[in-house]
file start13.txt (compact mmCIF, C-alpha atoms)
# COMPACT_ATOMS: atom_id res chain seq x y z
CA MET A 62 -11.98 -9.24 -19.53
CA SER A 63 -11.31 -11.60 -16.62
CA ALA A 64 -11.18 -10.30 -13.06
CA TYR A 65 -7.44 -11.08 -13.04
CA LEU A 66 -6.74 -8.94 -16.08
CA ARG A 67 -9.08 -6.17 -14.85
CA ARG A 68 -7.05 -6.00 -11.64
CA ALA A 69 -3.74 -5.96 -13.50
CA TRP A 70 -5.07 -3.27 -15.84
CA ILE A 71 -6.40 -1.04 -13.06
CA VAL A 72 -2.96 -1.15 -11.38
CA VAL A 73 -1.35 -0.02 -14.65
CA TRP A 74 -3.99 2.70 -15.02
CA LYS A 75 -3.47 3.90 -11.45
CA ASP A 76 0.34 3.91 -11.67
CA VAL A 77 0.47 5.68 -15.03
CA LEU A 78 -2.16 8.26 -14.00
CA THR A 79 -0.40 8.91 -10.70
CA GLU A 80 2.92 9.30 -12.48
CA ARG A 81 1.47 11.55 -15.17
CA ARG A 82 0.17 13.89 -12.49
CA SER A 83 2.96 13.82 -9.93
CA LYS A 84 5.87 13.21 -12.37
CA GLU A 85 7.83 12.18 -9.27
CA SER A 86 9.48 9.12 -10.77
CA LEU A 87 9.95 10.65 -14.21
CA ASN A 88 11.59 13.78 -12.82
CA ALA A 89 13.81 11.76 -10.48
CA LEU A 90 14.79 9.29 -13.19
CA LEU A 91 15.46 11.91 -15.82
CA PHE A 92 17.53 13.89 -13.33
CA PHE A 93 19.39 10.73 -12.37
CA SER A 94 20.00 9.91 -16.03
CA VAL A 95 21.38 13.37 -16.74
CA LEU A 96 23.58 13.05 -13.69
CA LEU A 97 24.92 9.76 -15.03
CA LEU A 98 25.63 11.32 -18.40
CA PHE A 99 27.59 14.09 -16.72
CA ILE A 100 29.62 11.57 -14.76
CA PHE A 101 30.27 9.44 -17.84
CA GLN A 102 31.37 12.47 -19.77
CA PHE A 103 33.82 13.55 -17.11
CA ALA A 104 35.12 10.02 -16.66
CA LEU A 105 35.68 9.33 -20.34
CA GLY A 106 36.89 12.69 -21.51
CA PRO A 107 36.59 13.92 -25.08
CA GLU A 108 38.37 11.00 -26.77
CA ARG A 109 35.91 9.67 -29.34
CA ALA A 110 37.23 6.11 -29.63
CA ARG A 111 37.10 5.64 -25.88
CA VAL A 112 33.51 6.85 -25.74
CA GLU A 113 32.45 4.53 -28.56
CA THR A 114 34.00 1.52 -26.82
CA ALA A 115 32.30 2.25 -23.55
CA LEU A 116 28.98 3.39 -25.03
CA PRO A 117 26.99 0.11 -24.90
CA GLY A 118 27.96 -0.54 -21.29
CA LEU A 119 27.19 3.01 -20.25
CA LEU A 120 23.86 3.02 -22.04
CA TRP A 121 22.70 -0.17 -20.34
CA LEU A 122 24.09 0.88 -17.01
CA GLY A 123 21.98 4.02 -17.33
CA PHE A 124 18.87 1.99 -18.29
CA ILE A 125 19.30 -0.50 -15.49
CA LEU A 126 20.08 1.98 -12.74
CA ALA A 127 17.15 4.16 -13.79
CA GLY A 128 14.91 1.09 -13.94
CA VAL A 129 15.91 -0.09 -10.49
CA LEU A 130 15.30 3.33 -8.98
CA GLY A 131 11.96 3.62 -10.78
CA LEU A 132 10.81 0.22 -9.56
CA GLY A 133 11.66 1.13 -5.99
CA ARG A 134 9.80 4.43 -6.21
CA SER A 135 6.70 2.80 -7.69
CA PHE A 136 6.38 0.68 -4.54
CA LEU A 137 6.97 3.64 -2.24
CA VAL A 138 3.65 5.06 -3.50
CA GLU A 139 1.94 2.06 -1.94
CA GLN A 140 3.38 2.87 1.46
CA GLU A 141 1.80 6.32 1.52
CA ASN A 142 -1.48 6.13 3.47
CA ASP A 143 -0.84 2.39 3.97
CA CYS A 144 -2.24 1.53 0.54
CA TRP A 145 -0.27 -1.75 0.57
CA GLU A 146 -2.60 -2.95 3.35
CA GLY A 147 -5.47 -2.60 0.93
CA LEU A 148 -3.56 -4.53 -1.71
CA VAL A 149 -2.88 -7.35 0.76
CA LEU A 150 -6.58 -7.58 1.59
CA THR A 151 -7.83 -7.57 -2.00
CA PRO A 152 -9.23 -10.90 -3.08
CA GLY A 153 -7.84 -12.99 -5.91
CA ASP A 154 -4.39 -13.81 -7.18
CA LYS A 155 -1.92 -11.17 -6.02
CA SER A 156 0.28 -11.76 -9.04
CA ALA A 157 -2.18 -9.53 -10.95
CA ILE A 158 -0.83 -6.63 -8.89
CA TYR A 159 2.72 -7.63 -9.78
CA LEU A 160 1.85 -7.84 -13.46
CA GLY A 161 0.21 -4.40 -13.34
CA LYS A 162 3.19 -2.90 -11.53
CA LEU A 163 5.55 -4.48 -14.04
CA ALA A 164 3.63 -3.07 -17.00
CA GLY A 165 3.42 0.38 -15.42
CA ASN A 166 7.16 0.36 -14.80
CA VAL A 167 7.87 -0.74 -18.35
CA LEU A 168 5.89 2.26 -19.63
CA VAL A 169 7.70 4.73 -17.38
CA MET A 170 11.03 3.14 -18.27
CA ALA A 171 10.24 3.43 -21.97
CA VAL A 172 9.94 7.21 -21.55
CA VAL A 173 13.20 7.40 -19.58
CA GLU A 174 15.02 5.18 -22.07
CA ALA A 175 13.79 7.29 -24.96
CA ALA A 176 15.07 10.40 -23.18
CA LEU A 177 18.42 8.71 -22.49
CA LEU A 178 18.77 7.69 -26.13
CA VAL A 179 18.15 11.27 -27.20
CA LEU A 180 20.42 12.77 -24.55
CA PHE A 181 23.35 10.39 -25.06
CA PRO A 182 24.54 11.80 -28.39
CA VAL A 183 23.67 15.33 -27.33
CA PHE A 184 25.78 15.10 -24.18
CA PHE A 185 28.74 13.47 -25.77
CA GLY A 186 28.80 16.05 -28.51
CA LEU A 187 28.99 18.97 -26.04
CA ASP A 188 31.52 20.22 -23.56
CA LEU A 189 29.50 20.49 -20.38
CA THR A 190 30.70 21.51 -16.98
CA GLY A 191 28.84 21.85 -13.73
CA ALA A 192 28.24 20.46 -10.34
CA ILE A 193 25.26 18.40 -9.44
CA THR A 194 24.06 17.21 -6.10
CA ALA A 195 21.44 14.56 -5.77
CA GLN A 196 19.39 13.81 -2.72
CA VAL A 197 18.28 10.27 -2.62
CA ARG A 198 16.97 8.74 0.57
CA ALA A 199 18.75 5.71 1.97
CA ARG A 200 15.81 3.34 1.49
CA GLU A 201 15.69 4.25 -2.18
CA LEU A 202 19.36 3.34 -2.46
CA LEU A 203 19.12 0.08 -0.57
CA PHE A 204 16.80 -1.53 -3.13
CA PRO A 205 19.18 -1.02 -6.09
CA VAL A 206 22.11 -2.30 -4.04
CA LEU A 207 20.21 -5.50 -3.27
CA LEU A 208 18.86 -5.93 -6.77
CA LEU A 209 21.92 -5.23 -8.85
CA PRO A 210 23.63 -8.63 -8.33
CA ALA A 211 20.53 -10.32 -9.72
CA GLN A 212 20.78 -8.13 -12.79
CA VAL A 213 24.27 -9.19 -13.76
CA PRO A 214 23.10 -11.67 -16.46
CA VAL A 215 20.81 -9.03 -17.95
CA LEU A 216 23.53 -6.41 -17.92
CA LEU A 217 26.05 -8.81 -19.45
CA GLY A 218 23.68 -9.97 -22.19
CA ALA A 219 22.36 -6.51 -23.03
CA VAL A 220 25.79 -4.87 -23.17
CA SER A 221 27.29 -7.63 -25.29
CA ALA A 222 24.36 -7.67 -27.72
CA THR A 223 24.40 -3.89 -28.07
CA GLU A 224 28.16 -4.00 -28.68
CA ILE A 225 27.65 -6.46 -31.54
CA VAL A 226 24.86 -4.39 -33.07
CA LEU A 227 26.78 -1.12 -32.79
CA ALA A 228 29.82 -2.77 -34.38
CA GLY A 229 27.65 -3.46 -37.43
CA GLN A 230 27.85 -7.23 -37.12
CA PRO A 231 24.85 -9.39 -38.12
CA LEU A 232 22.16 -9.83 -35.46
CA ALA A 233 22.74 -13.58 -35.56
CA GLU A 234 26.08 -12.95 -33.85
CA ALA A 235 24.15 -11.67 -30.86
CA ALA A 236 21.75 -14.62 -30.79
CA GLN A 237 23.29 -16.31 -27.76
CA TRP A 238 23.08 -13.09 -25.77
CA LEU A 239 19.49 -12.48 -26.87
CA LYS A 240 18.62 -16.02 -25.76
CA LEU A 241 20.22 -15.31 -22.38
CA LEU A 242 18.14 -12.12 -22.11
CA ALA A 243 14.94 -13.92 -23.06
CA ALA A 244 15.65 -16.66 -20.52
CA ALA A 245 16.38 -14.07 -17.83
CA ASP A 246 13.09 -12.29 -18.68
CA VAL A 247 11.13 -15.51 -18.34
CA VAL A 248 12.87 -16.50 -15.09
CA TYR A 249 12.43 -13.10 -13.44
CA LEU A 250 8.81 -12.76 -14.60
CA VAL A 251 7.87 -16.21 -13.30
CA VAL A 252 9.76 -15.76 -10.03
CA GLY A 253 8.06 -12.37 -9.58
CA LEU A 254 4.59 -13.77 -10.24
CA LEU A 255 5.15 -16.68 -7.87
CA THR A 256 6.71 -14.77 -5.01
CA PHE A 257 4.83 -11.45 -5.09
CA GLU A 258 2.08 -12.55 -2.73
CA PHE A 259 4.64 -13.61 -0.09
CA VAL A 260 6.54 -10.36 -0.50
CA LEU A 261 3.34 -8.31 -0.21
CA GLU A 262 2.07 -10.18 2.84
CA GLY A 263 5.43 -9.84 4.52
CA ALA A 264 5.80 -6.13 3.75
CA MET B 38 -18.48 -12.60 13.32
CA ILE B 39 -15.32 -12.69 15.44
CA GLN B 40 -14.31 -15.47 17.78
CA ALA B 41 -10.87 -14.91 19.25
CA GLN B 42 -9.39 -17.16 21.90
CA ARG B 43 -6.25 -16.32 23.84
CA LEU B 44 -4.60 -14.33 21.09
CA ARG B 45 -1.01 -13.51 21.77
CA LYS B 46 1.41 -11.45 19.71
CA ILE B 47 5.05 -11.29 20.62
CA TYR B 48 7.71 -9.19 18.90
CA GLY B 49 11.13 -10.29 20.14
CA ALA B 50 10.98 -9.85 23.90
CA THR B 51 7.91 -7.62 23.77
CA ARG B 52 4.49 -9.11 24.42
CA VAL B 53 2.16 -6.76 22.52
CA LEU B 54 -1.00 -8.85 23.02
CA ASP B 55 -1.47 -11.31 25.82
CA ASP B 56 -4.36 -13.76 26.10
CA VAL B 57 -6.88 -11.60 24.30
CA SER B 58 -10.25 -13.30 23.88
CA LEU B 59 -13.34 -11.72 22.45
CA ASP B 60 -16.54 -12.63 20.67
CA LEU B 61 -18.53 -10.37 18.44
CA ALA B 62 -21.80 -11.41 16.83
CA ALA B 63 -23.41 -10.01 13.70
CA GLY B 64 -25.28 -6.80 14.43
CA GLN B 65 -22.94 -5.90 17.30
CA GLY B 66 -20.45 -3.10 17.74
CA LEU B 67 -17.42 -3.17 20.00
CA THR B 68 -15.63 -0.06 21.15
CA LEU B 69 -12.02 -0.69 22.00
CA LEU B 70 -10.37 1.81 24.31
CA GLY B 71 -6.77 1.93 25.42
CA SER B 72 -3.84 4.25 25.81
CA ASN B 73 -1.18 4.59 23.12
CA GLY B 74 0.77 1.35 22.82
CA ALA B 75 -1.91 -0.72 24.55
CA GLY B 76 -2.13 -3.03 21.53
CA LYS B 77 -5.32 -1.74 19.86
CA THR B 78 -3.82 -1.41 16.39
CA THR B 79 -2.06 -4.77 16.64
CA LEU B 80 -5.34 -6.44 17.62
CA LEU B 81 -7.18 -4.77 14.73
CA ARG B 82 -4.46 -5.81 12.31
CA ILE B 83 -4.69 -9.41 13.50
CA LEU B 84 -8.48 -9.35 13.14
CA ALA B 85 -8.01 -7.88 9.65
CA THR B 86 -5.68 -10.79 8.73
CA LEU B 87 -2.83 -8.35 8.14
CA LEU B 88 -0.86 -9.90 10.99
CA ARG B 89 -0.75 -13.44 12.30
CA PRO B 90 -0.99 -13.98 16.03
CA THR B 91 1.96 -15.71 17.67
CA SER B 92 -0.54 -18.08 19.29
CA GLY B 93 -4.25 -18.39 19.92
CA ALA B 94 -7.27 -19.26 17.83
CA LEU B 95 -9.19 -16.90 15.60
CA LEU B 96 -12.30 -17.21 13.48
CA VAL B 97 -13.41 -14.30 11.31
CA ALA B 98 -16.76 -14.62 9.56
CA GLY B 99 -16.78 -18.26 10.59
CA VAL B 100 -13.45 -19.23 9.07
CA ASP B 101 -9.86 -19.46 10.22
CA PRO B 102 -8.09 -16.63 8.36
CA ALA B 103 -4.82 -18.54 8.39
CA ARG B 104 -6.46 -21.36 6.38
CA GLU B 105 -9.03 -19.43 4.35
CA PRO B 106 -7.75 -15.86 4.10
CA GLU B 107 -9.81 -15.10 0.98
CA THR B 108 -13.13 -15.95 2.65
CA ALA B 109 -12.26 -14.01 5.79
CA ARG B 110 -11.01 -11.00 3.83
CA ALA B 111 -14.12 -10.88 1.68
CA ALA B 112 -16.11 -10.15 4.84
CA ILE B 113 -13.77 -7.45 6.16
CA GLY B 114 -13.84 -3.72 5.53
CA MET B 115 -11.01 -1.81 7.11
CA VAL B 116 -10.17 1.80 7.72
CA GLY B 117 -6.76 1.85 9.34
CA HIS B 118 -4.44 4.70 10.26
CA GLY B 119 -3.76 5.34 6.60
CA ALA B 120 -6.95 5.63 4.60
CA TRP B 121 -5.59 3.70 1.56
CA VAL B 122 -5.91 6.86 -0.46
CA TYR B 123 -3.75 7.61 -3.48
CA GLU B 124 -2.99 11.31 -3.19
CA ASP B 125 -2.75 12.01 -6.92
CA LEU B 126 -6.02 10.33 -7.85
CA THR B 127 -9.38 12.02 -7.48
CA ALA B 128 -11.94 10.73 -5.00
CA LEU B 129 -13.83 9.03 -7.83
CA GLU B 130 -10.67 7.47 -9.27
CA ASN B 131 -9.63 6.19 -5.84
CA LEU B 132 -13.01 4.51 -5.45
CA ARG B 133 -12.87 3.08 -8.93
CA PHE B 134 -9.45 1.57 -8.25
CA TRP B 135 -10.48 -0.13 -5.01
CA ALA B 136 -13.78 -1.28 -6.45
CA VAL B 137 -12.06 -3.08 -9.32
CA MET B 138 -9.42 -4.49 -6.98
CA GLY B 139 -12.19 -5.75 -4.71
CA GLY B 140 -14.01 -7.35 -7.64
CA GLN B 141 -17.06 -5.13 -7.17
CA ALA B 142 -19.30 -3.56 -9.78
CA ALA B 143 -17.60 -0.25 -10.47
CA GLY B 144 -20.14 1.64 -12.54
CA PRO B 145 -19.96 5.43 -12.33
CA ALA B 146 -23.43 5.61 -10.76
CA ALA B 147 -22.48 3.23 -7.94
CA LEU B 148 -19.25 5.13 -7.30
CA ARG B 149 -21.03 8.48 -7.20
CA ALA B 150 -23.72 7.08 -4.91
CA ALA B 151 -21.03 5.91 -2.47
CA LEU B 152 -19.43 9.35 -2.52
CA GLU B 153 -22.81 11.01 -2.01
CA ALA B 154 -23.43 8.70 0.94
CA VAL B 155 -20.32 10.00 2.70
CA GLU B 156 -21.12 13.58 1.66
CA LEU B 157 -18.21 13.84 -0.76
CA GLY B 158 -20.33 14.09 -3.88
CA GLY B 159 -19.19 17.65 -4.51
CA SER B 160 -15.53 16.65 -4.28
CA ALA B 161 -15.65 13.65 -6.61
CA ALA B 162 -13.32 15.21 -9.18
CA GLN B 163 -10.97 16.69 -6.60
CA ARG B 164 -7.58 15.09 -6.00
CA ALA B 165 -7.20 13.42 -2.63
CA ARG B 166 -4.06 15.49 -2.02
CA THR B 167 -6.31 18.48 -1.41
CA PHE B 168 -8.48 16.63 1.13
CA SER B 169 -8.42 17.15 4.88
CA ALA B 170 -7.83 14.14 7.15
CA GLY B 171 -11.57 13.98 7.79
CA MET B 172 -12.37 13.94 4.07
CA LYS B 173 -9.87 11.14 3.49
CA ARG B 174 -11.53 9.17 6.26
CA ARG B 175 -14.90 9.68 4.58
CA LEU B 176 -13.41 8.56 1.29
CA ALA B 177 -12.16 5.42 3.02
CA LEU B 178 -15.66 4.79 4.34
CA ALA B 179 -17.07 5.23 0.84
CA ARG B 180 -14.68 2.49 -0.23
CA VAL B 181 -16.04 0.29 2.53
CA LEU B 182 -19.61 1.09 1.45
CA LEU B 183 -18.89 -0.18 -2.04
CA GLY B 184 -17.76 -3.54 -0.74
CA ARG B 185 -19.71 -6.39 0.70
CA ALA B 186 -18.10 -6.09 4.11
CA ARG B 187 -19.95 -7.60 7.03
CA LEU B 188 -17.27 -6.70 9.54
CA LEU B 189 -15.81 -3.21 9.83
CA LEU B 190 -12.50 -2.67 11.59
CA LEU B 191 -11.86 0.99 12.24
CA ASP B 192 -8.73 2.40 13.83
CA GLU B 193 -9.27 5.86 15.34
CA PRO B 194 -12.04 6.72 12.89
CA PHE B 195 -13.13 9.80 14.81
CA THR B 196 -9.69 11.43 14.68
CA GLY B 197 -9.61 14.44 12.40
CA LEU B 198 -13.38 14.67 12.15
CA ASP B 199 -15.23 17.78 13.20
CA ARG B 200 -18.41 17.65 15.27
CA ALA B 201 -20.63 17.13 12.24
CA GLY B 202 -18.28 14.46 10.91
CA ARG B 203 -18.35 12.56 14.21
CA LYS B 204 -22.13 12.67 14.25
CA TRP B 205 -22.23 11.46 10.67
CA LEU B 206 -19.83 8.58 11.39
CA ALA B 207 -21.78 7.51 14.48
CA GLU B 208 -24.97 7.39 12.42
CA PHE B 209 -23.17 5.48 9.69
CA LEU B 210 -21.99 2.84 12.16
CA LEU B 211 -25.38 2.51 13.82
CA ASP B 212 -26.98 2.06 10.42
CA PHE B 213 -24.36 -0.53 9.44
CA LYS B 214 -25.07 -2.42 12.62
CA SER B 215 -28.82 -2.28 12.13
CA ARG B 216 -28.33 -3.98 8.75
CA GLY B 217 -26.60 -6.93 10.42
CA GLY B 218 -23.01 -5.74 10.15
CA ALA B 219 -20.55 -5.89 13.02
CA PHE B 220 -17.75 -3.50 13.83
CA VAL B 221 -14.78 -2.95 16.08
CA VAL B 222 -13.82 0.66 16.64
CA ALA B 223 -10.51 1.45 18.33
CA THR B 224 -10.70 4.98 19.63
CA HIS B 225 -9.55 7.47 22.23
CA SER B 226 -12.90 9.20 22.06
CA PHE B 227 -14.95 7.98 25.03
CA ASP B 228 -18.12 9.82 24.09
CA ALA B 229 -18.12 8.68 20.48
CA GLY B 230 -17.18 5.14 21.50
CA LEU B 231 -19.96 4.90 24.06
CA GLY B 232 -22.42 6.22 21.51
CA VAL B 233 -21.83 3.54 18.89
CA GLY B 234 -20.66 0.37 20.64
CA ASP B 235 -22.90 -2.24 22.25
CA ARG B 236 -19.87 -3.25 24.26
CA VAL B 237 -16.87 -1.39 25.51
CA ALA B 238 -13.55 -3.12 26.04
CA ILE B 239 -10.43 -1.60 27.55
CA LEU B 240 -7.06 -2.88 26.42
CA SER B 241 -4.10 -2.25 28.70
CA GLY B 242 -0.62 -3.65 28.33
CA GLY B 243 -1.85 -6.05 25.67
CA ARG B 244 -4.65 -7.51 27.84
CA ILE B 245 -8.36 -6.90 27.83
CA VAL B 246 -8.96 -5.62 31.34
CA LEU B 247 -12.63 -4.76 30.90
CA ASP B 248 -15.37 -5.94 28.54
CA ARG B 249 -18.85 -4.75 29.44
CA PRO B 250 -22.11 -3.79 27.76
CA ALA B 251 -22.07 -0.08 26.97
CA ALA B 252 -25.54 0.29 28.48
CA GLU B 253 -24.10 -0.54 31.89
CA LEU B 254 -21.51 2.19 31.67
CA GLY B 255 -22.10 5.88 32.14
CA ARG B 256 -19.57 8.43 30.91
CA GLU B 257 -18.24 9.05 34.40
CA ASP B 258 -18.05 5.31 35.18
CA LEU B 259 -16.07 4.71 32.05
CA HIS B 260 -13.62 7.51 32.78
CA ARG B 261 -13.10 6.22 36.31
CA LEU B 262 -12.65 2.62 35.17
CA TYR B 263 -10.31 3.67 32.39
CA ASP B 264 -8.18 5.68 34.78
CA ASP B 265 -7.98 2.75 37.19
CA LEU B 266 -7.57 -0.07 34.70
CA ALA B 267 -5.67 1.44 31.81
CA LEU B 268 -3.60 4.06 33.56
CA GLY B 269 -3.29 2.44 37.00
CA PRO B 270 -5.03 3.05 40.36
CA GLY B 271 -4.77 6.56 41.68
CA SER B 272 -4.06 8.06 38.28
CA ALA B 273 -7.36 9.93 38.16
CA PRO B 274 -6.90 13.66 38.54
call {"tool": "encode", "arguments": {"input": "start13.txt", "output": "structure tokens"}}
result
Amino acid sequence: MSAYLRRAWIVVWKDVLTERRSKESLNALLFFSVLLLFIFQFALGPERARVETALPGLLWLGFILAGVLGLGRSFLVEQENDCWEGLVLTPGDKSAIYLGKLAGNVLVMAVVEAALLVLFPVFFGLDLTGAITAQVRARELLFPVLLLPAQVPVLLGAVSATEIVLAGQPLAEAAQWLKLLAAADVVYLVVGLLTFEFVLEGA
Amino acid sequence: MIQAQRLRKIYGATRVLDDVSLDLAAGQGLTLLGSNGAGKTTLLRILATLLRPTSGALLVAGVDPAREPETARAAIGMVGHGAWVYEDLTALENLRFWAVMGGQAAGPAALRAALEAVELGGSAAQRARTFSAGMKRRLALARVLLGRARLLLLDEPFTGLDRAGRKWLAEFLLDFKSRGGAFVVATHSFDAGLGVGDRVAILSGGRIVLDRPAAELGREDLHRLYDDLALGPGSAP
């Protein structure tokens, strides 16, 4: 394995191991997801048709908001004990760190998305009441606020494609949206790889 | 190992470092003293290539870090305020992570040997979250041991260490120096600083106001000079 891939892999290993032990991001994201489901349920009421219409948008809104929060939290770990300083001083291409972080986040998000997919039908089949308070620090909120505009194409493509699939239409109908999503993936991945070193050095 | 000429660092209207010049050869240790806010950490961070000076010239390990950061960074080992320790990883896992990131051979035997060298062999499988500040500092030094650093930059390394830990660190630094390494130690501990550095420099208000061989300075001299130069004349009790 090349030094580049070894570095990317060790970042994934470190992030996943840290998360498995602390469960900080998973707990926060799952709690956040449940909170969203509560809010959606109250907002939409029991009317089935209304829920079905809004479902794709709500699902992706849940995924994206949870993803944005998770990404922010995964970088907060690097601030503890000034670990980011060590990352800045490591030799080699810094995009390996970005790639590792990306892969680690994808894994954590996969767990959260799986939980959301399971919880969605459960929640909308029950009559739940309750009050929830969430404590999220300002810096954790700032990141999503800044990032969300850049996610509009992803949100648009994902919601539209899911709508087509849930309506039982052929996948080919969603091709243009899937192409938009693939293009967005490529653009964001490349931009991330190219700019990560500058972001890290300027942190 | 370090050649710094008239380094200046300005944040807005605040001049944090002003005309700082210093030279440090291989096999030399410099103790940097100064009150809080004197600019010690900023100077260390510039030497570590974590910050760029507003003006001035700097060579680290013979290269300009602004032009060849990779070469300069390969020579640097740093233990800053934070020890670069991931709290939910064990000592061994922390070392493994930084070894791979640093492109070093990360075999279990080498990792354990580094932990043994800093007397953390018995805590290898313990999570860093359970470590005292002194143990985290030792873990950070084990990380430095694994690397090929020729220049150590240590910010308050004696803080949080007990008497035995201070003695151990002093011996570690003297040994590092004897093998041709150079170090800069920023500290508030006069005794420890005098014990390890070949030279003692006092930083006050962002300027180096004293740079002398440690052998010329007794403990009392240093206290008197520090009170006069860093705190202002007449500040001595």
call {"tool": "interface_residues", "arguments": {"input": "start13.txt", "of": "chain B", "to": "chain A", "cutoff": "9 Å", "atoms": "all atoms listed in the file", "output": "number ranges by chain"}}
result
B: 85-88, 106-108, 110-111, 113, 115, 117-126, 130-131, 133-135, 137-140
call {"tool": "atom_distance", "arguments": {"input": "start13.txt", "atom1": "CA of Leu157 (chain B)", "atom2": "CA of Leu198 (chain B)"}}
result
13.8 Å
call {"tool": "atom_distance", "arguments": {"input": "start13.txt", "atom1": "CA of Ala223 (chain B)", "atom2": "CA of Glu193 (chain B)"}}
result
5.5 Å
call {"tool": "atom_distance", "arguments": {"input": "start13.txt", "atom1": "CA of Val251 (chain A)", "atom2": "CA of Ala233 (chain A)"}}
result
26.9 Å
call {"tool": "residues_around", "arguments": {"input": "start13.txt", "residues": "Arg216 (chain B)", "least_positions_apart": "5", "cutoff": "10 Å", "atoms": "all atoms listed in the file", "output": "ChimeraX atom specification"}}
result
/B:63-64,187,210-211
call {"tool": "write_last_selection", "arguments": {"input": "start13.txt", "atoms": "C-alpha atoms", "output": "mmCIF file, in the coordinates of the input"}}
result
data_model
loop_
_atom_site.group_PDB
_atom_site.id
_atom_site.type_symbol
_atom_site.label_atom_id
_atom_site.label_comp_id
_atom_site.auth_asym_id
_atom_site.auth_seq_id
_atom_site.Cartn_x
_atom_site.Cartn_y
_atom_site.Cartn_z
ATOM 1 C CA ALA B 63 -23.410 -10.010 13.700
ATOM 2 C CA GLY B 64 -25.280 -6.800 14.430
ATOM 3 C CA ARG B 187 -19.950 -7.600 7.030
ATOM 4 C CA LEU B 210 -21.990 2.840 12.160
ATOM 5 C CA LEU B 211 -25.380 2.510 13.820
#
call {"tool": "axis_aligned_box", "arguments": {"input": "start13.txt", "around": "region 159-162 of chain A", "padding_each_side": "4 Å", "output": "AutoDock Vina command-line options"}}
result
--center_x 1.7 --center_y -5.4 --center_z -11.6 --size_x 11.0 --size_y 12.9 --size_z 11.7
call {"tool": "closest_residue", "arguments": {"input": "start13.txt", "among": "B:Thr68, B:Met172, B:Asn73, B:Ala103", "to": "Leu152 (chain B)", "atoms": "all atoms listed in the file"}}
result
B:Met172
call {"tool": "closest_residue", "arguments": {"input": "start13.txt", "among": "B:Arg43, B:Arg164, B:Arg203, B:Ala136", "to": "Ala179 (chain B)", "atoms": "only C-alpha atoms"}}
result
B:Ala136
call {"tool": "residues_around", "arguments": {"input": "start13.txt", "residues": "Ala267 (chain B)", "least_positions_apart": "5", "cutoff": "8 Å", "atoms": "all atoms listed in the file", "output": "list in words"}}
result
Gly71, Ser72, Ile239, Leu240, Ser241, Gly242, Val246 and Leu262 of chain B
call {"tool": "residues_near_point", "arguments": {"input": "start13.txt", "point": "(-0.8, -4.8, 19.9)", "cutoff": "8 Å", "atoms": "all atoms listed in the file", "output": "list in words"}}
result
Lys46, Val53, Leu54, Gly74, Ala75, Gly76, Lys77, Thr78, Thr79, Leu80 and Gly243 of chain B
call {"tool": "closest_residue", "arguments": {"input": "start13.txt", "among": "B:Phe168, B:Ala112, B:Ser226, B:Gly197", "to": "Gly184 (chain B)", "atoms": "only C-alpha atoms"}}
result
B:Ala112
call {"tool": "closest_residue", "arguments": {"input": "start13.txt", "among": "A:Ala164, A:Ala127, A:Leu232, A:Leu254", "to": "Phe93 (chain A)", "atoms": "all atoms listed in the file"}}
result
A:Ala127
call {"tool": "residues_around", "arguments": {"input": "start13.txt", "residues": "Phe181 (chain A)", "least_positions_apart": "3", "cutoff": "10 Å", "atoms": "only C-alpha atoms", "output": "list of chain:residue names"}}
result
A:Ser94, A:Val95, A:Leu98, A:Gln102, A:Leu116, A:Leu119, A:Leu120, A:Ala176, A:Leu177, A:Leu178, A:Phe184, A:Phe185, A:Gly186
call {"tool": "residues_near_point", "arguments": {"input": "start13.txt", "point": "(-22.2, 14.6, 11.0)", "cutoff": "12 Å", "atoms": "only C-alpha atoms", "output": "list in words"}}
result
Ala154, Val155, Glu156, Gly171, Arg175, Phe195, Leu198, Asp199, Arg200, Ala201, Gly202, Arg203, Lys204, Trp205, Leu206, Ala207, Glu208, Phe209, Leu210 and Ala229 of chain B
call {"tool": "decode", "arguments": {"input": "start13.txt", "residues": "region 211-217 of chain B", "atoms": "N, CA and C atoms", "output": "CSV table (one decimal), in the first residue's frame"}}
result
chain,number,residue,atom,x,y,z
B,211,LEU,N,18.9,16.1,27.5
B,211,LEU,CA,20.4,16.1,27.5
B,211,LEU,C,20.9,15.0,26.6
B,212,ASP,N,20.2,13.9,26.6
B,212,ASP,CA,20.6,12.7,25.8
B,212,ASP,C,20.3,13.1,24.3
B,213,PHE,N,19.2,13.7,24.0
B,213,PHE,CA,18.8,14.1,22.7
B,213,PHE,C,19.9,15.1,22.1
B,214,LYS,N,20.3,16.0,23.0
B,214,LYS,CA,21.3,16.9,22.6
B,214,LYS,C,22.7,16.3,22.3
B,215,SER,N,23.0,15.3,23.2
B,215,SER,CA,24.3,14.6,23.0
B,215,SER,C,24.4,13.8,21.7
B,216,ARG,N,23.2,13.5,21.2
B,216,ARG,CA,23.2,12.7,19.9
B,216,ARG,C,23.1,13.7,18.7
B,217,GLY,N,23.3,15.0,18.9
B,217,GLY,CA,23.4,15.9,17.8
B,217,GLY,C,22.1,16.7,17.6
